[in-house]
$ cat upload-v4.cif   # mmCIF, C-alpha atoms, pLDDT in the B column; chains and numbers go by the auth columns
data_structure
loop_
_atom_site.group_PDB
_atom_site.id
_atom_site.type_symbol
_atom_site.label_atom_id
_atom_site.label_comp_id
_atom_site.label_asym_id
_atom_site.label_seq_id
_atom_site.Cartn_x
_atom_site.Cartn_y
_atom_site.Cartn_z
_atom_site.B_iso_or_equiv
_atom_site.auth_seq_id
_atom_site.auth_asym_id
ATOM 1 C CA MET A 1 10.809 -19.611 -13.652 69.00 1 N
ATOM 2 C CA ASP A 2 9.457 -16.632 -15.565 88.00 2 N
ATOM 3 C CA LYS A 3 11.176 -13.297 -15.139 92.00 3 N
ATOM 4 C CA PRO A 4 9.095 -10.558 -13.486 93.00 4 N
ATOM 5 C CA LYS A 5 7.518 -7.899 -15.679 97.00 5 N
ATOM 6 C CA GLU A 6 6.807 -5.514 -12.800 98.00 6 N
ATOM 7 C CA TYR A 7 8.527 -4.308 -9.628 98.00 7 N
ATOM 8 C CA SER A 8 7.254 -1.959 -6.897 98.00 8 N
ATOM 9 C CA LEU A 9 9.377 0.032 -4.470 98.00 9 N
ATOM 10 C CA THR A 10 8.013 2.061 -1.545 98.00 10 N
ATOM 11 C CA TRP A 11 9.663 4.922 0.342 98.00 11 N
ATOM 12 C CA GLU A 12 8.386 7.115 3.152 98.00 12 N
ATOM 13 C CA VAL A 13 8.736 10.805 2.336 96.00 13 N
ATOM 14 C CA THR A 14 11.207 12.527 4.686 94.00 14 N
ATOM 15 C CA ASP A 15 12.288 16.155 5.080 89.00 15 N
ATOM 16 C CA GLU A 16 15.420 15.358 3.047 89.00 16 N
ATOM 17 C CA MET A 17 13.210 14.471 0.066 91.00 17 N
ATOM 18 C CA THR A 18 11.297 17.768 -0.080 89.00 18 N
ATOM 19 C CA ALA A 19 11.453 20.545 -2.628 75.00 19 N
ATOM 20 C CA LYS A 20 12.600 22.979 0.059 72.00 20 N
ATOM 21 C CA ARG A 21 15.581 20.757 0.914 64.00 21 N
ATOM 22 C CA ILE A 22 16.930 20.847 -2.649 64.00 22 N
ATOM 23 C CA GLY A 23 16.877 24.633 -2.738 62.00 23 N
ATOM 24 C CA THR A 24 13.590 25.436 -4.419 60.00 24 N
ATOM 25 C CA ALA A 25 10.717 27.250 -2.813 61.00 25 N
ATOM 26 C CA GLY A 26 7.991 24.959 -1.700 67.00 26 N
ATOM 27 C CA ALA A 27 6.168 23.130 1.021 78.00 27 N
ATOM 28 C CA ARG A 28 7.181 19.970 2.817 85.00 28 N
ATOM 29 C CA ILE A 29 6.253 17.693 -0.075 91.00 29 N
ATOM 30 C CA LEU A 30 8.104 15.156 -2.203 94.00 30 N
ATOM 31 C CA SER A 31 10.268 16.907 -4.784 93.00 31 N
ATOM 32 C CA THR A 32 10.177 15.899 -8.429 93.00 32 N
ATOM 33 C CA PRO A 33 13.899 14.928 -8.421 93.00 33 N
ATOM 34 C CA ASN A 34 13.245 12.570 -5.507 95.00 34 N
ATOM 35 C CA MET A 35 10.179 11.112 -7.217 97.00 35 N
ATOM 36 C CA LEU A 36 12.376 10.477 -10.263 97.00 36 N
ATOM 37 C CA ALA A 37 14.995 8.812 -8.043 97.00 37 N
ATOM 38 C CA LEU A 38 12.332 6.434 -6.716 98.00 38 N
ATOM 39 C CA MET A 39 11.169 5.686 -10.261 98.00 39 N
ATOM 40 C CA GLU A 40 14.711 4.948 -11.419 97.00 40 N
ATOM 41 C CA ALA A 41 15.368 2.748 -8.381 98.00 41 N
ATOM 42 C CA ALA A 42 12.278 0.641 -9.126 98.00 42 N
ATOM 43 C CA ALA A 43 13.308 0.227 -12.783 98.00 43 N
ATOM 44 C CA LEU A 44 16.864 -0.694 -11.773 97.00 44 N
ATOM 45 C CA GLU A 45 15.621 -3.411 -9.427 97.00 45 N
ATOM 46 C CA LEU A 46 13.394 -4.854 -12.155 98.00 46 N
ATOM 47 C CA ALA A 47 16.228 -4.712 -14.703 97.00 47 N
ATOM 48 C CA LYS A 48 18.454 -6.879 -12.489 95.00 48 N
ATOM 49 C CA ALA A 49 16.318 -9.948 -13.274 96.00 49 N
ATOM 50 C CA TYR A 50 17.297 -9.638 -16.963 95.00 50 N
ATOM 51 C CA LEU A 51 21.032 -9.034 -16.662 95.00 51 N
ATOM 52 C CA ASP A 52 23.871 -11.451 -17.330 91.00 52 N
ATOM 53 C CA ASP A 53 26.705 -11.724 -14.818 92.00 53 N
ATOM 54 C CA GLY A 54 29.100 -8.803 -15.129 93.00 54 N
ATOM 55 C CA THR A 55 26.406 -6.504 -16.517 94.00 55 N
ATOM 56 C CA THR A 56 24.518 -3.582 -15.020 95.00 56 N
ATOM 57 C CA THR A 57 22.328 -0.794 -16.376 96.00 57 N
ATOM 58 C CA VAL A 58 22.619 2.962 -16.495 96.00 58 N
ATOM 59 C CA GLY A 59 19.735 5.386 -16.796 96.00 59 N
ATOM 60 C CA VAL A 60 19.947 7.547 -19.909 97.00 60 N
ATOM 61 C CA GLU A 61 16.488 9.048 -20.406 97.00 61 N
ATOM 62 C CA ALA A 62 13.414 9.816 -18.341 98.00 62 N
ATOM 63 C CA HIS A 63 10.065 11.431 -19.071 98.00 63 N
ATOM 64 C CA VAL A 64 8.256 12.348 -15.861 98.00 64 N
ATOM 65 C CA ARG A 65 4.937 13.930 -14.928 98.00 65 N
ATOM 66 C CA HIS A 66 4.470 14.913 -11.284 96.00 66 N
ATOM 67 C CA LEU A 67 0.685 14.919 -10.899 97.00 67 N
ATOM 68 C CA ALA A 68 0.012 15.499 -7.177 97.00 68 N
ATOM 69 C CA SER A 69 1.874 16.418 -4.014 93.00 69 N
ATOM 70 C CA THR A 70 2.893 13.872 -1.385 95.00 70 N
ATOM 71 C CA PRO A 71 3.551 15.284 2.105 94.00 71 N
ATOM 72 C CA VAL A 72 6.321 14.333 4.513 94.00 72 N
ATOM 73 C CA GLY A 73 5.448 11.177 6.418 96.00 73 N
ATOM 74 C CA MET A 74 3.338 9.620 3.653 97.00 74 N
ATOM 75 C CA LYS A 75 4.414 6.469 1.821 98.00 75 N
ATOM 76 C CA VAL A 76 4.970 6.693 -1.927 98.00 76 N
ATOM 77 C CA THR A 77 5.327 3.702 -4.284 98.00 77 N
ATOM 78 C CA ALA A 78 6.796 3.489 -7.769 98.00 78 N
ATOM 79 C CA THR A 79 5.750 0.511 -9.876 98.00 79 N
ATOM 80 C CA ALA A 80 7.973 -0.112 -12.884 98.00 80 N
ATOM 81 C CA THR A 81 6.713 -2.269 -15.755 98.00 81 N
ATOM 82 C CA LEU A 82 9.113 -3.539 -18.401 98.00 82 N
ATOM 83 C CA ARG A 83 7.715 -2.409 -21.753 98.00 83 N
ATOM 84 C CA SER A 84 10.413 -3.795 -24.056 97.00 84 N
ATOM 85 C CA ILE A 85 14.011 -4.839 -24.507 96.00 85 N
ATOM 86 C CA GLU A 86 15.779 -3.894 -27.742 96.00 86 N
ATOM 87 C CA ARG A 87 19.373 -5.138 -27.773 94.00 87 N
ATOM 88 C CA ARG A 88 20.896 -3.296 -24.791 96.00 88 N
ATOM 89 C CA LYS A 89 17.974 -0.866 -24.326 98.00 89 N
ATOM 90 C CA MET A 90 15.383 -1.522 -21.619 98.00 90 N
ATOM 91 C CA TRP A 91 12.221 0.628 -21.689 98.00 91 N
ATOM 92 C CA PHE A 92 10.077 0.966 -18.570 98.00 92 N
ATOM 93 C CA ASP A 93 6.700 2.547 -17.873 98.00 93 N
ATOM 94 C CA ILE A 94 6.388 3.724 -14.285 98.00 94 N
ATOM 95 C CA VAL A 95 3.401 4.764 -12.175 98.00 95 N
ATOM 96 C CA VAL A 96 3.820 6.465 -8.804 98.00 96 N
ATOM 97 C CA THR A 97 1.112 6.327 -6.149 98.00 97 N
ATOM 98 C CA ASP A 98 0.795 7.524 -2.596 98.00 98 N
ATOM 99 C CA GLU A 99 -1.855 6.882 0.034 96.00 99 N
ATOM 100 C CA ASN A 100 -4.247 9.211 -1.868 97.00 100 N
ATOM 101 C CA GLY A 101 -3.805 7.669 -5.325 98.00 101 N
ATOM 102 C CA LYS A 102 -1.762 8.308 -8.446 98.00 102 N
ATOM 103 C CA CYS A 103 0.751 11.135 -8.053 98.00 103 N
ATOM 104 C CA GLY A 104 3.206 10.573 -10.892 98.00 104 N
ATOM 105 C CA GLU A 105 3.915 8.716 -14.097 98.00 105 N
ATOM 106 C CA GLY A 106 6.555 8.424 -16.735 98.00 106 N
ATOM 107 C CA SER A 107 8.858 6.327 -18.854 98.00 107 N
ATOM 108 C CA HIS A 108 12.501 5.486 -18.372 98.00 108 N
ATOM 109 C CA LEU A 109 15.248 4.094 -20.597 98.00 109 N
ATOM 110 C CA ARG A 110 18.121 2.088 -19.159 98.00 110 N
ATOM 111 C CA ILE A 111 21.071 0.727 -21.167 97.00 111 N
ATOM 112 C CA MET A 112 22.831 -2.551 -20.327 97.00 112 N
ATOM 113 C CA VAL A 113 26.583 -2.034 -19.899 96.00 113 N
ATOM 114 C CA PRO A 114 29.540 -4.037 -18.579 94.00 114 N
ATOM 115 C CA ASN A 115 29.861 -3.716 -14.802 88.00 115 N
ATOM 116 C CA LYS A 116 33.322 -2.135 -14.571 78.00 116 N
ATOM 117 C CA ASP A 117 34.811 -0.158 -11.733 64.00 117 N
ATOM 118 C CA ARG A 118 35.684 3.028 -13.624 53.00 118 N
ATOM 119 C CA SER A 119 37.446 4.508 -10.568 53.00 119 N
ATOM 120 C CA LYS A 120 40.354 2.090 -11.161 51.00 120 N
ATOM 121 C CA GLN A 121 40.859 3.181 -14.764 45.00 121 N
ATOM 122 C CA ALA A 122 43.499 5.801 -15.331 42.00 122 N
#
$ encode --input "upload-v4.cif" --output "structure tokens"
Amino acid sequence: MDKPKEYSLTWEVTDEMTAKRIGTAGARILSTPNMLALMEAAALELAKAYLDDGTTTVGVEAHVRHLASTPVGMKVTATATLRSIERRKMWFDIVVTDENGKCGEGSHLRIMVPNKDRSKQA
């Protein structure tokens, strides 16, 4: 079976995801940090199809453009597309849409690392 090249994740915008909630002035719309979190979550889910047992990924770089506002109560979807894998580096292109169309875009780099519980290391 071929591995997927694309993964979409949808969230409904809540008050907790607004710019006002994170301490910046603004209306009841999706904040850029929460849009980025959705983008990263979509890339992480796609990355899982490419990982060996005992391996995970960590996000290390993101380039994001927030193009339009998405109000509370509206659904927003991030679609991550795997652009390339270079050794342990996984590059993703991500498009974000809401019920009105495209509202964000960007790229994201994740690095494959051993899945260790660092809290047990002393």
$ axis_aligned_box --input "upload-v4.cif" --around "stretch 84-89 of chain N" --padding-each-side "4 Å" --output "lines of an AutoDock Vina configuration file"
center_x = 15.7
center_y = -3.0
center_z = -25.9
size_x = 18.5
size_y = 12.3
size_z = 11.7
$ closest_residue --input "upload-v4.cif" --among "N:Asp52, N:Asp15, N:Asp98, N:Asp2" --to "N:Ala68" --atoms "only C-alpha atoms"
N:Asp98
$ atom_distance --input "upload-v4.cif" --atom1 "atom CA of N:Pro33" --atom2 "atom CA of N:Glu99"
19.6 Å
$ closest_residue --input "upload-v4.cif" --among "N:Asn115, N:Thr79, N:Thr56, N:Thr97" --to "N:Leu9" --atoms "all atoms listed in the file"
N:Thr79
$ residues_near_point --input "upload-v4.cif" --point "(7.7, -4.4, -12.4)" --cutoff "6 Å" --atoms "all atoms listed in the file" --output "list in words"
Lys5, Glu6, Tyr7, Leu46, Thr79, Ala80 and Thr81 of chain N
$ write_last_selection --input "upload-v4.cif" --atoms "C-alpha atoms" --output "PDB file, in the frame of the given file"
ATOM      1  CA  LYS N   5       7.518  -7.899 -15.679  1.00 97.00           C
ATOM      2  CA  GLU N   6       6.807  -5.514 -12.800  1.00 98.00           C
ATOM      3  CA  TYR N   7       8.527  -4.308  -9.628  1.00 98.00           C
ATOM      4  CA  LEU N  46      13.394  -4.854 -12.155  1.00 98.00           C
ATOM      5  CA  THR N  79       5.750   0.511  -9.876  1.00 98.00           C
ATOM      6  CA  ALA N  80       7.973  -0.112 -12.884  1.00 98.00           C
ATOM      7  CA  THR N  81       6.713  -2.269 -15.755  1.00 98.00           C
TER       8      THR N  81
END
$ atom_distance --input "upload-v4.cif" --atom1 "atom CA of N:Leu30" --atom2 "atom CA of N:Val76"
9.0 Å
$ residues_near_point --input "upload-v4.cif" --point "(10.9, 17.5, -5.4)" --cutoff "12 Å" --atoms "all atoms listed in the file" --output "NGL selection string"
:N and (13-38 or 64-72 or 104)
$ closest_residue --input "upload-v4.cif" --among "N:Ile111, N:Met39, N:Leu44, N:Leu51" --to "N:Ala78" --atoms "only C-alpha atoms"
N:Met39
$ atom_distance --input "upload-v4.cif" --atom1 "atom CA of N:Glu61" --atom2 "atom CA of N:Lys116"
21.0 Å
$ resolve_selection --input "upload-v4.cif" --expression "the PyMOL selection byres ((chain N and resi 63) around 6)" --output "PyMOL selection string"
chain N and resi 62+64+106-107
$ closest_residue --input "upload-v4.cif" --among "N:Asp53, N:Ala41, N:Ala47, N:Lys75" --to "N:Trp11" --atoms "only C-alpha atoms"
N:Lys75
$ closest_residue --input "upload-v4.cif" --among "N:Pro114, N:Thr10, N:Gly101, N:Leu109" --to "N:Thr55" --atoms "only C-alpha atoms"
N:Pro114
$ closest_residue --input "upload-v4.cif" --among "N:Ser84, N:Val95, N:Gly59, N:Ser8" --to "N:Ala42" --atoms "all atoms listed in the file"
N:Ser8
$ resolve_selection --input "upload-v4.cif" --expression "the PyMOL selection byres ((chain N and resi 90) around 9)" --output "ChimeraX atom specification"
/N:47,57,82-89,91-92,108-112
$ decode --input "upload-v4.cif" --residues "stretch 8-121 of chain N" --atoms "C-alpha atoms" --output "mmCIF file, in the first residue's frame"
data_model
loop_
_atom_site.group_PDB
_atom_site.id
_atom_site.type_symbol
_atom_site.label_atom_id
_atom_site.label_comp_id
_atom_site.auth_asym_id
_atom_site.auth_seq_id
_atom_site.Cartn_x
_atom_site.Cartn_y
_atom_site.Cartn_z
ATOM 1 C CA SER N 8 -6.263 17.078 6.244
ATOM 2 C CA LEU N 9 -7.301 17.982 9.774
ATOM 3 C CA THR N 10 -10.362 20.068 10.676
ATOM 4 C CA TRP N 11 -11.068 21.999 13.876
ATOM 5 C CA GLU N 12 -13.976 24.220 14.852
ATOM 6 C CA VAL N 13 -12.811 27.627 16.052
ATOM 7 C CA THR N 14 -13.643 28.168 19.742
ATOM 8 C CA ASP N 15 -13.225 31.152 22.066
ATOM 9 C CA GLU N 16 -10.058 29.528 23.449
ATOM 10 C CA MET N 17 -8.484 29.738 19.980
ATOM 11 C CA THR N 18 -8.971 33.489 19.485
ATOM 12 C CA ALA N 19 -6.427 36.272 19.428
ATOM 13 C CA LYS N 20 -8.105 37.901 22.427
ATOM 14 C CA ARG N 21 -7.680 34.722 24.494
ATOM 15 C CA ILE N 22 -3.898 34.682 24.028
ATOM 16 C CA GLY N 23 -3.553 38.248 25.258
ATOM 17 C CA THR N 24 -3.494 40.283 22.075
ATOM 18 C CA ALA N 25 -6.086 42.810 21.065
ATOM 19 C CA GLY N 26 -8.487 41.496 18.530
ATOM 20 C CA ALA N 27 -11.869 40.152 17.623
ATOM 21 C CA ARG N 28 -13.245 36.681 18.170
ATOM 22 C CA ILE N 29 -11.273 35.144 15.313
ATOM 23 C CA LEU N 30 -8.738 32.341 14.996
ATOM 24 C CA SER N 31 -5.330 33.482 16.219
ATOM 25 C CA THR N 32 -2.212 32.916 14.152
ATOM 26 C CA PRO N 33 -0.603 30.734 16.880
ATOM 27 C CA ASN N 34 -3.666 28.477 16.837
ATOM 28 C CA MET N 35 -3.653 28.326 13.040
ATOM 29 C CA LEU N 36 0.000 27.269 13.253
ATOM 30 C CA ALA N 37 -0.907 24.606 15.830
ATOM 31 C CA LEU N 38 -3.477 23.168 13.413
ATOM 32 C CA MET N 39 -0.915 23.203 10.599
ATOM 33 C CA GLU N 40 1.666 21.411 12.735
ATOM 34 C CA ALA N 41 -0.900 18.841 13.881
ATOM 35 C CA ALA N 42 -1.804 18.000 10.273
ATOM 36 C CA ALA N 43 1.878 17.607 9.328
ATOM 37 C CA LEU N 44 2.527 15.433 12.389
ATOM 38 C CA GLU N 45 -0.327 13.097 11.481
ATOM 39 C CA LEU N 46 0.972 12.768 7.919
ATOM 40 C CA ALA N 47 4.532 12.173 9.151
ATOM 41 C CA LYS N 48 3.412 9.175 11.228
ATOM 42 C CA ALA N 49 2.905 7.112 8.054
ATOM 43 C CA TYR N 50 6.647 7.416 7.302
ATOM 44 C CA LEU N 51 8.124 6.674 10.720
ATOM 45 C CA ASP N 52 9.822 3.506 11.915
ATOM 46 C CA ASP N 53 8.859 2.042 15.284
ATOM 47 C CA GLY N 54 10.445 3.983 18.127
ATOM 48 C CA THR N 55 10.629 7.185 16.083
ATOM 49 C CA THR N 56 8.665 10.421 16.219
ATOM 50 C CA THR N 57 9.087 13.906 14.773
ATOM 51 C CA VAL N 58 9.611 17.329 16.262
ATOM 52 C CA GLY N 59 8.753 20.610 14.594
ATOM 53 C CA VAL N 60 11.778 22.853 14.115
ATOM 54 C CA GLU N 61 10.762 25.487 11.567
ATOM 55 C CA ALA N 62 7.592 27.062 10.236
ATOM 56 C CA HIS N 63 6.842 29.787 7.713
ATOM 57 C CA VAL N 64 3.240 30.959 7.990
ATOM 58 C CA ARG N 65 1.025 33.485 6.229
ATOM 59 C CA HIS N 66 -2.347 34.219 7.829
ATOM 60 C CA LEU N 67 -4.407 35.483 4.891
ATOM 61 C CA ALA N 68 -7.972 35.903 6.217
ATOM 62 C CA SER N 69 -9.864 35.824 9.492
ATOM 63 C CA THR N 70 -11.928 32.846 10.633
ATOM 64 C CA PRO N 71 -14.620 33.610 13.237
ATOM 65 C CA VAL N 72 -15.571 31.545 16.271
ATOM 66 C CA GLY N 73 -17.899 28.714 15.317
ATOM 67 C CA MET N 74 -16.522 28.242 11.795
ATOM 68 C CA LYS N 75 -14.648 25.102 10.761
ATOM 69 C CA VAL N 76 -11.052 25.476 9.608
ATOM 70 C CA THR N 77 -9.026 22.782 7.801
ATOM 71 C CA ALA N 78 -5.282 22.410 7.364
ATOM 72 C CA THR N 79 -4.114 20.183 4.521
ATOM 73 C CA ALA N 80 -0.482 19.126 4.777
ATOM 74 C CA THR N 81 1.330 17.813 1.699
ATOM 75 C CA LEU N 82 4.672 16.056 2.039
ATOM 76 C CA ARG N 83 7.098 17.908 -0.230
ATOM 77 C CA SER N 84 10.261 15.907 0.471
ATOM 78 C CA ILE N 85 12.216 13.742 2.864
ATOM 79 C CA GLU N 86 15.964 14.328 3.188
ATOM 80 C CA ARG N 87 17.529 11.937 5.698
ATOM 81 C CA ARG N 88 15.714 12.854 8.934
ATOM 82 C CA LYS N 89 14.160 16.082 7.584
ATOM 83 C CA MET N 90 10.530 16.100 6.445
ATOM 84 C CA TRP N 91 9.320 19.198 4.558
ATOM 85 C CA PHE N 92 5.603 19.952 4.319
ATOM 86 C CA ASP N 93 3.571 22.520 2.404
ATOM 87 C CA ILE N 94 0.334 23.387 4.173
ATOM 88 C CA VAL N 95 -2.816 25.181 3.028
ATOM 89 C CA VAL N 96 -5.488 26.309 5.481
ATOM 90 C CA THR N 97 -9.085 26.855 4.404
ATOM 91 C CA ASP N 98 -12.291 27.745 6.160
ATOM 92 C CA GLU N 99 -15.879 27.803 4.943
ATOM 93 C CA ASN N 100 -15.099 30.979 2.926
ATOM 94 C CA GLY N 101 -11.948 29.715 1.197
ATOM 95 C CA LYS N 102 -8.200 29.908 1.692
ATOM 96 C CA CYS N 103 -7.192 31.654 4.917
ATOM 97 C CA GLY N 104 -3.601 30.557 5.461
ATOM 98 C CA GLU N 105 -0.575 28.882 3.954
ATOM 99 C CA GLY N 106 2.943 27.956 4.836
ATOM 100 C CA SER N 107 5.710 25.408 5.047
ATOM 101 C CA HIS N 108 6.873 23.329 7.969
ATOM 102 C CA LEU N 109 9.990 21.298 8.743
ATOM 103 C CA ARG N 110 9.865 18.304 11.058
ATOM 104 C CA ILE N 111 12.884 16.212 12.107
ATOM 105 C CA MET N 112 12.688 12.466 12.796
ATOM 106 C CA VAL N 113 14.052 11.625 16.255
ATOM 107 C CA PRO N 114 14.071 8.615 18.587
ATOM 108 C CA ASN N 115 10.889 8.447 20.665
ATOM 109 C CA LYS N 116 12.377 8.719 24.164
ATOM 110 C CA ASP N 117 10.685 9.788 27.354
ATOM 111 C CA ARG N 118 13.003 12.646 28.324
ATOM 112 C CA SER N 119 11.204 13.137 31.665
ATOM 113 C CA LYS N 120 12.868 9.938 32.950
ATOM 114 C CA GLN N 121 16.378 11.126 32.120
#
